[in-house]
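See below for protein_35.csv, which holds CSV, C-alpha atoms.
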chain,number,residue,atom,x,y,z
A,1,MET,CA,10.3,-106.2,21.5
A,2,ASN,CA,14.0,-106.2,22.1
A,3,THR,CA,15.4,-103.5,24.4
A,4,PRO,CA,17.5,-101.2,22.3
A,5,VAL,CA,21.3,-101.1,23.0
A,6,ARG,CA,22.5,-97.9,24.4
A,7,TRP,CA,24.7,-95.8,22.2
A,8,LEU,CA,27.5,-95.8,24.8
A,9,GLU,CA,27.4,-99.6,25.1
A,10,ALA,CA,29.3,-102.1,23.0
A,11,GLY,CA,27.1,-102.8,19.9
A,12,GLY,CA,25.3,-99.5,20.3
A,13,ASP,CA,25.1,-98.2,16.8
A,14,ALA,CA,25.8,-94.6,17.7
A,15,PRO,CA,26.5,-92.1,14.9
A,16,ARG,CA,30.1,-90.7,14.7
A,17,GLY,CA,30.8,-88.3,17.5
A,18,ALA,CA,27.7,-89.1,19.5
A,19,ALA,CA,29.5,-91.1,22.2
A,20,ASP,CA,32.0,-88.3,22.9
A,21,LEU,CA,29.2,-85.8,23.3
A,22,LEU,CA,27.1,-88.2,25.6
A,23,SER,CA,30.2,-88.9,27.7
A,24,ALA,CA,30.6,-85.2,28.3
A,25,ALA,CA,27.1,-84.6,29.6
A,26,ALA,CA,27.1,-82.5,32.7
A,27,PRO,CA,25.7,-84.4,35.8
A,28,PRO,CA,22.6,-82.9,37.4
A,29,PRO,CA,23.5,-80.5,40.2
A,30,ALA,CA,23.3,-82.4,43.5
A,31,PHE,CA,20.1,-82.0,45.6
A,32,SER,CA,22.1,-81.2,48.7
A,33,ASP,CA,20.6,-80.7,52.2
A,34,ALA,CA,21.4,-77.0,51.9
A,35,LEU,CA,19.5,-76.8,48.6
A,36,ARG,CA,16.6,-78.8,50.0
A,37,TYR,CA,16.3,-76.5,52.9
A,38,ARG,CA,16.5,-73.4,50.8
A,39,LEU,CA,13.8,-74.7,48.5
A,40,ALA,CA,11.7,-75.8,51.5
A,41,LEU,CA,11.5,-72.2,52.6
A,42,GLY,CA,9.9,-71.2,49.3
A,43,VAL,CA,7.6,-74.2,49.3
A,44,ALA,CA,6.6,-73.3,52.9
A,45,LYS,CA,5.6,-69.8,51.7
A,46,THR,CA,3.5,-71.4,48.9
A,47,ALA,CA,1.9,-73.8,51.4
A,48,ALA,CA,0.9,-70.8,53.6
A,49,LEU,CA,-1.3,-69.5,50.8
A,50,PRO,CA,-4.8,-70.9,50.7
A,51,ALA,CA,-5.3,-72.8,47.4
A,52,THR,CA,-8.3,-70.6,46.8
A,53,THR,CA,-6.2,-67.5,46.9
A,54,VAL,CA,-4.1,-68.9,44.1
A,55,TRP,CA,-7.2,-69.8,42.2
A,56,THR,CA,-8.7,-66.4,42.8
A,57,SER,CA,-5.5,-64.7,41.6
A,58,LEU,CA,-5.6,-66.7,38.4
A,59,LEU,CA,-9.3,-66.1,37.9
A,60,VAL,CA,-8.7,-62.3,38.3
A,61,LYS,CA,-5.9,-62.4,35.8
A,62,GLY,CA,-8.1,-64.5,33.4
A,63,ALA,CA,-11.0,-62.1,33.8
A,64,LEU,CA,-8.7,-59.1,33.1
A,65,VAL,CA,-7.3,-60.8,30.0
A,66,ALA,CA,-10.8,-61.7,28.9
A,67,THR,CA,-12.0,-58.1,29.5
A,68,LEU,CA,-9.2,-56.6,27.6
A,69,GLY,CA,-9.6,-59.1,24.8
A,70,GLY,CA,-13.3,-58.4,24.7
A,71,ALA,CA,-12.9,-54.7,24.6
A,72,SER,CA,-10.4,-54.8,21.8
A,73,GLY,CA,-12.6,-57.2,19.9
A,74,PHE,CA,-15.5,-54.8,20.4
A,75,VAL,CA,-13.5,-51.9,19.0
A,76,VAL,CA,-12.4,-54.0,16.0
A,77,HIS,CA,-16.0,-55.1,15.4
A,78,THR,CA,-17.3,-51.6,15.7
A,79,VAL,CA,-14.8,-50.3,13.1
A,80,ALA,CA,-15.5,-53.2,10.9
A,81,SER,CA,-19.3,-52.7,11.2
A,82,LYS,CA,-18.8,-49.0,10.2
A,83,HIS,CA,-16.9,-50.1,7.1
A,84,ASP,CA,-19.4,-52.7,6.3
A,85,ALA,CA,-22.5,-50.7,6.5
A,86,PRO,CA,-22.3,-47.6,4.3
A,87,ALA,CA,-26.0,-47.3,3.6
A,88,THR,CA,-26.9,-46.8,7.3
A,89,VAL,CA,-24.0,-44.6,8.3
A,90,SER,CA,-25.1,-41.5,10.0
A,91,ALA,CA,-23.8,-38.1,9.2
A,92,PRO,CA,-21.7,-37.6,12.3
A,93,VAL,CA,-20.1,-41.0,11.9
A,94,ALA,CA,-19.3,-40.3,8.2
A,95,ALA,CA,-17.8,-37.0,9.2
A,96,ARG,CA,-15.5,-38.7,11.8
A,97,ALA,CA,-14.5,-41.2,9.1
A,98,VAL,CA,-13.4,-38.4,6.8
A,99,VAL,CA,-11.5,-36.7,9.6
A,100,VAL,CA,-9.6,-39.8,10.5
A,101,ASP,CA,-8.7,-40.4,6.8
A,102,GLN,CA,-7.4,-36.9,6.5
A,103,THR,CA,-4.5,-37.8,8.7
A,104,LEU,CA,-3.4,-40.4,6.2
A,105,GLY,CA,-3.8,-38.1,3.1
A,106,ALA,CA,-6.6,-37.3,0.8
A,107,PRO,CA,-10.1,-37.6,2.3
A,108,VAL,CA,-11.9,-40.9,1.5
A,109,ALA,CA,-15.6,-41.3,1.5
A,110,VAL,CA,-16.9,-44.0,3.8
A,111,GLU,CA,-18.6,-45.7,0.8
A,112,ALA,CA,-15.2,-46.1,-0.9
A,113,LEU,CA,-13.6,-48.0,2.0
A,114,PRO,CA,-13.1,-51.7,1.3
A,115,ALA,CA,-15.5,-54.0,3.1
A,116,LEU,CA,-13.8,-56.3,5.7
A,117,GLN,CA,-14.6,-60.0,5.3
A,118,LEU,CA,-15.3,-61.0,8.9
A,119,PRO,CA,-16.7,-64.5,9.5
A,120,THR,CA,-20.4,-64.3,10.3
A,121,ALA,CA,-20.3,-67.4,12.5
A,122,PRO,CA,-17.5,-69.5,14.0
A,123,PRO,CA,-16.6,-72.7,12.1
A,124,ASP,CA,-18.0,-75.9,13.6
A,125,ARG,CA,-14.6,-77.0,14.5
A,126,ALA,CA,-11.2,-75.4,14.3
A,127,PRO,CA,-9.0,-77.1,11.7
A,128,ARG,CA,-6.4,-79.4,13.3
A,129,LEU,CA,-2.9,-78.0,12.9
A,130,LYS,CA,-0.9,-80.7,11.1
A,131,LEU,CA,2.6,-80.3,12.4
A,132,ASP,CA,3.5,-83.9,12.9
A,133,SER,CA,0.5,-86.2,12.5
A,134,ARG,CA,2.2,-89.2,14.1
A,135,LEU,CA,3.0,-87.3,17.2
A,136,GLU,CA,-0.4,-85.6,17.2
A,137,GLU,CA,-2.0,-89.0,17.0
A,138,ALA,CA,0.0,-90.3,19.9
A,139,GLU,CA,-0.7,-87.2,22.0
A,140,LEU,CA,-4.5,-87.5,21.3
A,141,LEU,CA,-4.4,-91.1,22.5
A,142,GLU,CA,-2.3,-90.3,25.5
A,143,LYS,CA,-4.8,-87.7,26.5
A,144,ALA,CA,-7.6,-90.3,26.0
A,145,ARG,CA,-5.7,-92.8,28.1
A,146,SER,CA,-5.2,-90.4,30.9
A,147,LEU,CA,-9.0,-89.9,31.1
A,148,ILE,CA,-10.0,-93.6,31.2
A,149,GLY,CA,-10.1,-93.7,35.0
A,150,SER,CA,-11.5,-90.3,35.8
A,151,ASN,CA,-13.8,-89.6,32.8
A,152,PRO,CA,-14.2,-92.7,30.6
A,153,ALA,CA,-16.9,-91.0,28.5
A,154,ALA,CA,-14.5,-88.2,27.5
A,155,ALA,CA,-11.8,-90.8,26.8
A,156,LEU,CA,-14.2,-92.7,24.5
A,157,LYS,CA,-15.1,-89.4,22.7
A,158,LEU,CA,-11.4,-88.8,22.1
A,159,THR,CA,-11.0,-92.3,20.6
A,160,ALA,CA,-13.9,-91.4,18.2
A,161,GLU,CA,-12.0,-88.2,17.4
A,162,HIS,CA,-9.0,-90.4,16.7
A,163,SER,CA,-10.9,-92.6,14.2
A,164,ARG,CA,-12.2,-89.5,12.4
A,165,ASP,CA,-9.0,-87.6,12.3
A,166,PHE,CA,-6.6,-90.4,11.7
A,167,PRO,CA,-8.4,-93.0,9.6
A,168,ARG,CA,-5.0,-94.4,8.5
A,169,GLY,CA,-3.3,-93.9,11.8
A,170,ARG,CA,-0.7,-96.2,13.2
A,171,LEU,CA,-2.2,-96.5,16.6
A,172,GLY,CA,-5.5,-98.0,15.8
A,173,ALA,CA,-5.1,-101.0,18.1
A,174,GLU,CA,-4.2,-98.7,21.0
A,175,ALA,CA,-7.2,-96.6,20.3
A,176,ASP,CA,-9.4,-99.7,20.3
A,177,LEU,CA,-8.0,-100.8,23.6
A,178,ILE,CA,-8.6,-97.3,25.2
A,179,ALA,CA,-12.1,-97.4,23.8
A,180,ALA,CA,-12.8,-100.8,25.2
A,181,GLN,CA,-11.4,-99.9,28.6
A,182,SER,CA,-13.5,-96.7,28.6
A,183,LEU,CA,-16.6,-98.7,27.8
A,184,LEU,CA,-15.8,-101.0,30.7
A,185,GLY,CA,-15.4,-98.0,32.9
A,186,MET,CA,-18.8,-96.7,31.8
A,187,GLY,CA,-20.3,-100.1,32.7
A,188,LYS,CA,-21.0,-101.0,29.1
A,189,VAL,CA,-19.5,-104.5,29.2
A,190,ALA,CA,-21.2,-105.9,26.1
A,191,ALA,CA,-20.1,-102.9,24.0
A,192,ALA,CA,-16.6,-103.2,25.4
A,193,LYS,CA,-16.4,-106.9,24.4
A,194,GLN,CA,-17.8,-106.1,21.0
A,195,ARG,CA,-15.2,-103.4,20.5
A,196,ALA,CA,-12.4,-105.7,21.7
A,197,LYS,CA,-13.5,-108.5,19.4
A,198,ALA,CA,-13.7,-106.2,16.4
A,199,SER,CA,-10.2,-104.9,17.1
A,200,LEU,CA,-8.8,-108.5,17.5
A,201,SER,CA,-10.2,-109.4,14.1
A,202,ARG,CA,-8.3,-106.4,12.6
A,203,TYR,CA,-5.1,-106.8,14.7
A,204,PRO,CA,-5.0,-110.5,15.8
A,205,SER,CA,-1.3,-110.4,16.8
A,206,GLY,CA,-1.0,-106.7,17.5
A,207,LEU,CA,0.8,-105.0,20.4
A,208,TYR,CA,-2.4,-105.0,22.5
A,209,ALA,CA,-3.9,-108.3,21.5
A,210,ARG,CA,-3.5,-109.9,24.9
A,211,GLN,CA,-5.2,-107.1,26.7
A,212,LEU,CA,-8.0,-106.9,24.1
A,213,ARG,CA,-8.4,-110.7,24.4
A,214,GLU,CA,-8.8,-110.3,28.2
A,215,ILE,CA,-11.6,-107.9,27.6
A,216,ALA,CA,-13.2,-109.9,24.8
A,217,GLU,CA,-13.0,-113.3,26.5
A,218,PRO,CA,-12.8,-113.0,30.3
B,1,MET,CA,3.9,-107.9,22.7
B,2,PRO,CA,4.4,-110.3,25.7
B,3,GLY,CA,6.7,-108.0,27.6
B,4,LEU,CA,4.2,-105.1,27.6
B,5,PRO,CA,2.9,-104.4,31.1
B,6,ASP,CA,-0.8,-104.3,31.6
B,7,ALA,CA,-0.6,-100.9,33.2
B,8,ILE,CA,2.1,-98.4,34.1
B,9,PRO,CA,3.7,-99.7,37.3
B,10,ARG,CA,3.7,-97.5,40.3
B,11,THR,CA,6.9,-96.4,42.0
B,12,THR,CA,8.9,-99.3,43.3
B,13,ASN,CA,10.0,-97.4,46.4
B,14,PRO,CA,8.2,-99.2,49.2
B,15,ALA,CA,8.2,-96.0,51.2
B,16,HIS,CA,6.2,-94.3,48.5
B,17,ASP,CA,4.2,-97.0,46.8
B,18,ASN,CA,1.0,-96.5,48.6
B,19,ALA,CA,-0.8,-94.2,46.3
B,20,GLU,CA,-3.8,-93.8,48.7
B,21,ASP,CA,-1.4,-92.4,51.3
B,22,GLU,CA,0.1,-90.1,48.7
B,23,THR,CA,-3.3,-88.5,48.1
B,24,ARG,CA,-3.2,-87.2,51.7
B,25,LEU,CA,0.2,-85.5,51.4
B,26,THR,CA,0.6,-81.8,52.0
B,27,VAL,CA,2.7,-79.7,49.6
B,28,THR,CA,5.6,-79.6,52.0
B,29,GLN,CA,5.5,-83.4,52.4
B,30,VAL,CA,5.5,-83.7,48.6
B,31,HIS,CA,8.6,-81.5,48.6
B,32,GLU,CA,10.3,-83.6,51.3
B,33,ARG,CA,9.5,-87.0,49.6
B,34,HIS,CA,9.8,-86.1,46.0
B,35,GLY,CA,11.8,-82.8,45.8
B,36,ASP,CA,14.8,-84.7,44.6
B,37,TYR,CA,12.7,-86.3,41.8
B,38,VAL,CA,11.3,-82.9,40.7
B,39,TRP,CA,14.8,-81.5,40.8
B,40,ARG,CA,16.2,-84.2,38.6
B,41,THR,CA,13.2,-84.1,36.2
B,42,LEU,CA,13.6,-80.4,35.6
B,43,HIS,CA,17.3,-80.9,34.9
B,44,ARG,CA,16.4,-83.7,32.4
B,45,MET,CA,14.0,-81.3,30.8
B,46,GLY,CA,16.8,-78.8,30.2
B,47,VAL,CA,16.0,-76.2,32.9
B,48,ARG,CA,19.3,-74.6,33.7
B,49,PRO,CA,20.8,-73.8,37.1
B,50,PRO,CA,20.3,-70.1,36.9
B,51,HIS,CA,16.6,-70.7,36.6
B,52,VAL,CA,15.9,-74.1,38.1
B,53,GLU,CA,15.1,-72.9,41.6
B,54,ASP,CA,12.5,-70.5,40.3
B,55,VAL,CA,11.0,-73.2,38.0
B,56,TYR,CA,11.0,-75.6,41.0
B,57,GLN,CA,9.0,-73.1,43.0
B,58,GLU,CA,6.6,-72.7,40.1
B,59,VAL,CA,6.1,-76.5,40.0
B,60,PHE,CA,5.2,-76.5,43.7
B,61,LEU,CA,2.8,-73.6,43.2
B,62,VAL,CA,0.9,-75.8,40.8
B,63,VAL,CA,1.3,-78.8,43.1
B,64,HIS,CA,-0.3,-76.7,45.9
B,65,ARG,CA,-3.1,-75.6,43.7
B,66,ARG,CA,-3.9,-79.0,42.3
B,67,LEU,CA,-3.0,-81.4,45.1
B,68,ARG,CA,-6.7,-82.0,45.9
B,69,THR,CA,-7.2,-83.2,42.3
B,70,PHE,CA,-4.6,-86.0,42.7
B,71,THR,CA,-6.7,-89.1,43.2
B,72,GLY,CA,-3.9,-91.7,43.3
B,73,GLN,CA,-4.9,-93.3,40.0
B,74,SER,CA,-1.3,-93.0,38.9
B,75,ALA,CA,1.9,-92.8,40.9
B,76,ILE,CA,2.5,-89.4,42.3
B,77,THR,CA,5.8,-89.2,40.5
B,78,THR,CA,3.9,-89.6,37.2
B,79,TRP,CA,1.5,-86.8,38.3
B,80,LEU,CA,4.5,-84.6,39.3
B,81,TYR,CA,6.2,-85.4,36.0
B,82,GLU,CA,3.2,-84.0,34.1
B,83,ILE,CA,3.4,-80.8,36.1
B,84,CYS,CA,7.1,-80.5,35.5
B,85,PHE,CA,6.6,-81.1,31.8
B,86,ARG,CA,4.1,-78.3,31.5
B,87,VAL,CA,6.1,-75.8,33.6
B,88,ALA,CA,9.3,-76.7,31.8
B,89,ALA,CA,7.6,-76.3,28.4
B,90,GLY,CA,6.6,-72.8,29.5
B,91,TYR,CA,10.2,-72.1,30.6
B,92,ARG,CA,11.5,-73.2,27.2
B,93,ARG,CA,9.1,-71.0,25.3
B,94,LYS,CA,10.1,-68.0,27.4
B,95,ALA,CA,13.8,-68.8,26.9
B,96,HIS,CA,13.2,-69.1,23.1
B,97,PHE,CA,11.2,-65.9,23.1
B,98,ARG,CA,14.0,-64.0,24.9
B,99,ARG,CA,16.5,-65.7,22.5
B,100,GLU,CA,18.5,-66.6,25.5
B,101,GLU,CA,21.3,-69.1,25.0
B,102,LEU,CA,20.5,-72.1,27.3
B,103,VAL,CA,24.0,-72.8,28.5
B,104,PRO,CA,24.9,-75.8,30.6
B,105,ASP,CA,26.0,-75.4,34.2
B,106,TRP,CA,29.7,-74.9,34.0
B,107,SER,CA,30.1,-75.3,37.8
B,108,ALA,CA,28.9,-78.9,37.4
B,109,LEU,CA,31.9,-79.5,35.3
B,110,GLU,CA,34.2,-78.6,38.1
B,111,SER,CA,33.7,-82.0,39.5
B,112,LEU,CA,35.4,-83.3,36.4
B,113,SER,CA,38.6,-81.4,37.1
B,114,SER,CA,40.1,-84.2,39.1
B,115,GLN,CA,39.5,-86.7,36.3
B,116,ALA,CA,40.6,-84.5,33.5
B,117,PRO,CA,44.3,-84.7,32.9
B,118,SER,CA,44.8,-81.4,31.3
B,119,PRO,CA,43.1,-78.0,30.9
B,120,GLU,CA,42.8,-78.7,27.2
B,121,ARG,CA,40.9,-81.8,27.9
B,122,GLN,CA,38.6,-79.9,30.3
B,123,LEU,CA,38.0,-77.3,27.7
B,124,ALA,CA,37.1,-79.9,25.2
B,125,THR,CA,34.7,-81.6,27.6
B,126,SER,CA,33.1,-78.3,28.3
B,127,ARG,CA,32.6,-77.6,24.6
B,128,GLN,CA,31.2,-81.0,24.1
B,129,ALA,CA,28.8,-80.6,26.9
B,130,LYS,CA,27.7,-77.3,25.4
B,131,GLN,CA,27.2,-78.9,22.0
B,132,LEU,CA,25.3,-81.7,23.6
B,133,GLU,CA,22.9,-79.3,25.3
B,134,ARG,CA,22.4,-77.4,22.0
B,135,ILE,CA,21.4,-80.6,20.3
B,136,LEU,CA,19.1,-81.6,23.2
B,137,ASP,CA,17.5,-78.2,23.1
B,138,THR,CA,16.4,-78.7,19.6
B,139,MET,CA,14.4,-81.8,20.6
B,140,PRO,CA,10.7,-81.8,21.7
B,141,LEU,CA,10.6,-82.1,25.4
B,142,GLU,CA,9.1,-85.6,25.5
B,143,TYR,CA,11.8,-86.9,23.2
B,144,ARG,CA,14.5,-85.1,25.1
B,145,VAL,CA,13.5,-86.6,28.5
B,146,VAL,CA,13.4,-90.2,27.2
B,147,PHE,CA,16.7,-89.7,25.4
B,148,VAL,CA,18.5,-88.3,28.4
B,149,MET,CA,17.2,-91.0,30.8
B,150,PHE,CA,18.1,-93.8,28.4
B,151,GLU,CA,21.3,-92.7,26.8
B,152,ILE,CA,22.9,-90.5,29.5
B,153,GLU,CA,21.5,-91.7,32.8
B,154,GLY,CA,21.4,-95.3,31.7
B,155,MET,CA,17.8,-96.0,33.0
B,156,SER,CA,16.0,-99.1,31.9
B,157,SER,CA,13.1,-98.7,29.5
B,158,GLU,CA,10.7,-100.0,32.2
B,159,GLN,CA,12.0,-97.3,34.7
B,160,ILE,CA,11.5,-94.6,32.0
B,161,ALA,CA,8.0,-95.8,31.3
B,162,GLU,CA,7.2,-95.7,35.0
B,163,THR,CA,8.7,-92.2,35.4
B,164,VAL,CA,7.0,-90.6,32.4
B,165,GLY,CA,3.8,-92.5,32.8
B,166,ALA,CA,3.8,-93.8,29.3
B,167,PRO,CA,3.5,-97.4,27.8
B,168,LEU,CA,6.7,-99.1,26.9
B,169,GLY,CA,5.9,-98.8,23.2
B,170,THR,CA,5.6,-95.1,23.5
B,171,VAL,CA,9.0,-94.9,25.3
B,172,TYR,CA,10.6,-96.9,22.5
B,173,SER,CA,9.0,-94.7,19.8
B,174,ARG,CA,10.1,-91.5,21.5
B,175,LEU,CA,13.7,-92.9,21.9
B,176,TYR,CA,13.7,-93.8,18.2
B,177,ARG,CA,12.6,-90.4,17.1
B,178,ALA,CA,15.0,-88.7,19.5
B,179,ARG,CA,17.9,-90.7,18.1
B,180,LYS,CA,17.0,-89.7,14.6
B,181,ARG,CA,16.9,-86.1,15.5
B,182,PHE,CA,20.1,-86.3,17.4
B,183,ALA,CA,21.9,-88.0,14.5
B,184,ARG,CA,20.5,-85.3,12.1
B,185,ALA,CA,21.6,-82.5,14.4
B,186,LEU,CA,25.0,-84.1,14.8
B,187,SER,CA,25.5,-84.4,11.0
B,188,ARG,CA,24.7,-80.7,10.7
B,189,LEU,CA,27.5,-79.9,13.1
B,190,GLY,CA,30.0,-81.3,10.7
B,191,PRO,CA,33.5,-82.6,11.5
B,192,GLY,CA,35.0,-79.0,11.7
B,193,GLN,CA,32.7,-78.1,14.6
B,194,MET,CA,33.0,-81.3,16.5
B,195,GLU,CA,35.1,-81.4,19.6
B,196,ASN,CA,37.3,-84.5,19.8
B,197,LYS,CA,38.7,-85.8,23.0
B,198,SER,CA,41.7,-87.2,21.4

As structure tokens, please, write out the structure in this file.
Amino acid sequence: MNTPVRWLEAGGDAPRGAADLLSAAAPPPAFSDALRYRLALGVAKTAALPATTVWTSLLVKGALVATLGGASGFVVHTVASKHDAPATVSAPVAARAVVVDQTLGAPVAVEALPALQLPTAPPDRAPRLKLDSRLEEAELLEKARSLIGSNPAAALKLTAEHSRDFPRGRLGAEADLIAAQSLLGMGKVAAAKQRAKASLSRYPSGLYARQLREIAEP
Amino acid sequence: MPGLPDAIPRTTNPAHDNAEDETRLTVTQVHERHGDYVWRTLHRMGVRPPHVEDVYQEVFLVVHRRLRTFTGQSAITTWLYEICFRVAAGYRRKAHFRREELVPDWSALESLSSQAPSPERQLATSRQAKQLERILDTMPLEYRVVFVMFEIEGMSSEQIAETVGAPLGTVYSRLYRARKRFARALSRLGPGQMENKS
């Protein structure tokens, strides 16, 4: 692959006006000694904190958010349950419902309230948000690649996810390479070779052919 | 592709290229060795001078929290880049939420005063810098970083790949998409809104 020519260089096919704007870019503020020292003071304060304190603080915040979320969810669920179960509503509850509705206008019987359609069980898997499938595909594989060294099984799982979600994806060869490297990391040499060979038959002169060949034919 | 590296190369700085040593660094040592890199990275990601020191400290709070998890499997700069990316993305979201205008550092333009022959030229340059920042702010962060490093800072593709911890192909792809977005944004500006130096 040829290295692209910069827009500011001769032969760079910059759109009209782009070169002027790029030339006007403000340089990054200098990382002066004074700045380094000032920042070091803040970093030193951070360093004085035990890492567990930071974790604890975050855990406490997380627990608080979860508690508040859970409480609000419980309230919503309780109200929805009342609306959904007219046959078993007790008299005091029905009375409260009427009182509440009086504030909005004419009293409404509990039986007359529309039933809320709440999901009875969570879906098996949240639908993937399709904002930019190409970018999403690349991000999924980048995540997989980052896991090869530390958690090859998880990386392999992500490549399977890639095959399922992007059957016509543009990065199939890259996914194959990540899968083969993950299998190697898991000690499954034969499976890694098989995966690499299968990929080479599909992409014999692809971007990752050399690396796949090294795995297939060491 | 013959030119594609087998793996993302580690930093080429001999003082910092021993990843095993880097796993034993303290947070203050990371600041001493790589503070400059974090500072420049945040700037590339569009974090502006009024906020950059706070964001820098936020980065090092995460570094402090997660330093034990750095195993040296990648260059520490790649690891730091990922932290910067996440923190800067949060900063962007907050700025967007508050509908703040992310303006460039005008003080940085003072250095141009000696080169600029006239106040009119300085003003034009300032406006162009502002237009540039506005366009860059519309780009996804991963595109913006690659575009800034390649087109403005003049870094090589290999250096960019090393810095962002991505394969060369990914760098080219991001650059291509960034250029497309830049050209589209530029065409929306129209000739009436463009600042010309001449």

Next on the checklist: One decimal, in Å: what's the spacing between atom CA of B:Val52 and atom CA of B:Trp39?
Outcome noted: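 About the pair atom CA of B:Val52 and atom CA of B:Trp39: they are 8.0 Å apart.
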
Next on the checklist: As an exercise, work out the distance from atom CA of B:Arg174 to atom CA of B:Gly154 in Å and give it to one decimal place.
Outcome noted: 15.7 Å

Next on the checklist: Can you tell me which residues surround A:Asn151 at a distance of at most 9 Å, considering only C-alpha atoms, apart from same-chain residues fewer than 5 positions away, and format the answer as number ranges by chain?
Outcome noted: A: 146, 156, 182, 185-186

Item to check | Residue with smallest distance to A:Asp20 - pool B:Ala185, B:Ala129, B:Met155, B:Val146, counting all atoms listed in the file | outcome: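 Closest to A:Asp20, using all atoms listed in the file: B:Ala129.
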
Checklist entry - Which residue, A:Ala154, A:Gly12, A:Tyr203, A:Arg145, has the smallest gap to B:Ala166 when you use only C-alpha atoms? => result A:Arg145

Item to check | Selected residue, from B:Leu186, B:Ala161, B:Ile83, B:Val47, that lies nearest to chain A when counting all atoms listed in the file | outcome: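 Ranking B:Leu186, B:Ala161, B:Ile83, B:Val47 by distance to chain A, first place goes to B:Leu186.
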
Item to check | Expected answer as a PyMOL selection string: chain A residues within 7 Å of chain B, all atoms listed in the file | outcome: chain A and resi 1+6-7+15+21-22+24-29+31+42-44+46-47+51+54+207-208

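The space between atom CA of A:Arg170 and atom CA of A:Ala138 spans 9.0 Å.
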
Place N, CA and C atoms on stretch 121-134 of chain B and deliver the coordinates as a short mmCIF file (atom, residue, chain, number, x, y, z; two decimals), in the frame of the given file.
data_model
loop_
_atom_site.label_atom_id
_atom_site.label_comp_id
_atom_site.auth_asym_id
_atom_site.auth_seq_id
_atom_site.Cartn_x
_atom_site.Cartn_y
_atom_site.Cartn_z
N ARG B 121 41.88 -80.79 27.91
CA ARG B 121 40.90 -81.80 27.90
C ARG B 121 39.58 -81.31 28.61
N GLN B 122 39.78 -80.52 29.67
CA GLN B 122 38.60 -79.90 30.30
C GLN B 122 37.85 -79.01 29.42
N LEU B 123 38.62 -78.21 28.67
CA LEU B 123 38.00 -77.30 27.70
C LEU B 123 37.20 -78.04 26.68
N ALA B 124 37.82 -79.11 26.18
CA ALA B 124 37.10 -79.90 25.20
C ALA B 124 35.86 -80.51 25.71
N THR B 125 35.94 -81.00 26.95
CA THR B 125 34.70 -81.60 27.60
C THR B 125 33.65 -80.54 27.74
N SER B 126 34.07 -79.34 28.16
CA SER B 126 33.10 -78.30 28.30
C SER B 126 32.41 -77.94 27.01
N ARG B 127 33.21 -77.90 25.96
CA ARG B 127 32.60 -77.60 24.60
C ARG B 127 31.69 -78.68 24.18
N GLN B 128 32.09 -79.91 24.46
CA GLN B 128 31.20 -81.00 24.10
C GLN B 128 29.91 -81.00 24.84
N ALA B 129 30.01 -80.66 26.12
CA ALA B 129 28.80 -80.60 26.90
C ALA B 129 27.87 -79.50 26.37
N LYS B 130 28.47 -78.41 25.92
CA LYS B 130 27.70 -77.30 25.40
C LYS B 130 27.03 -77.75 24.04
N GLN B 131 27.80 -78.45 23.22
CA GLN B 131 27.20 -78.90 22.00
C GLN B 131 26.09 -79.91 22.22
N LEU B 132 26.29 -80.76 23.21
CA LEU B 132 25.30 -81.70 23.60
C LEU B 132 23.97 -81.01 23.97
N GLU B 133 24.12 -80.01 24.83
CA GLU B 133 22.90 -79.30 25.30
C GLU B 133 22.24 -78.59 24.12
N ARG B 134 23.03 -78.05 23.20
CA ARG B 134 22.40 -77.40 22.00
C ARG B 134 21.59 -78.36 21.23
#
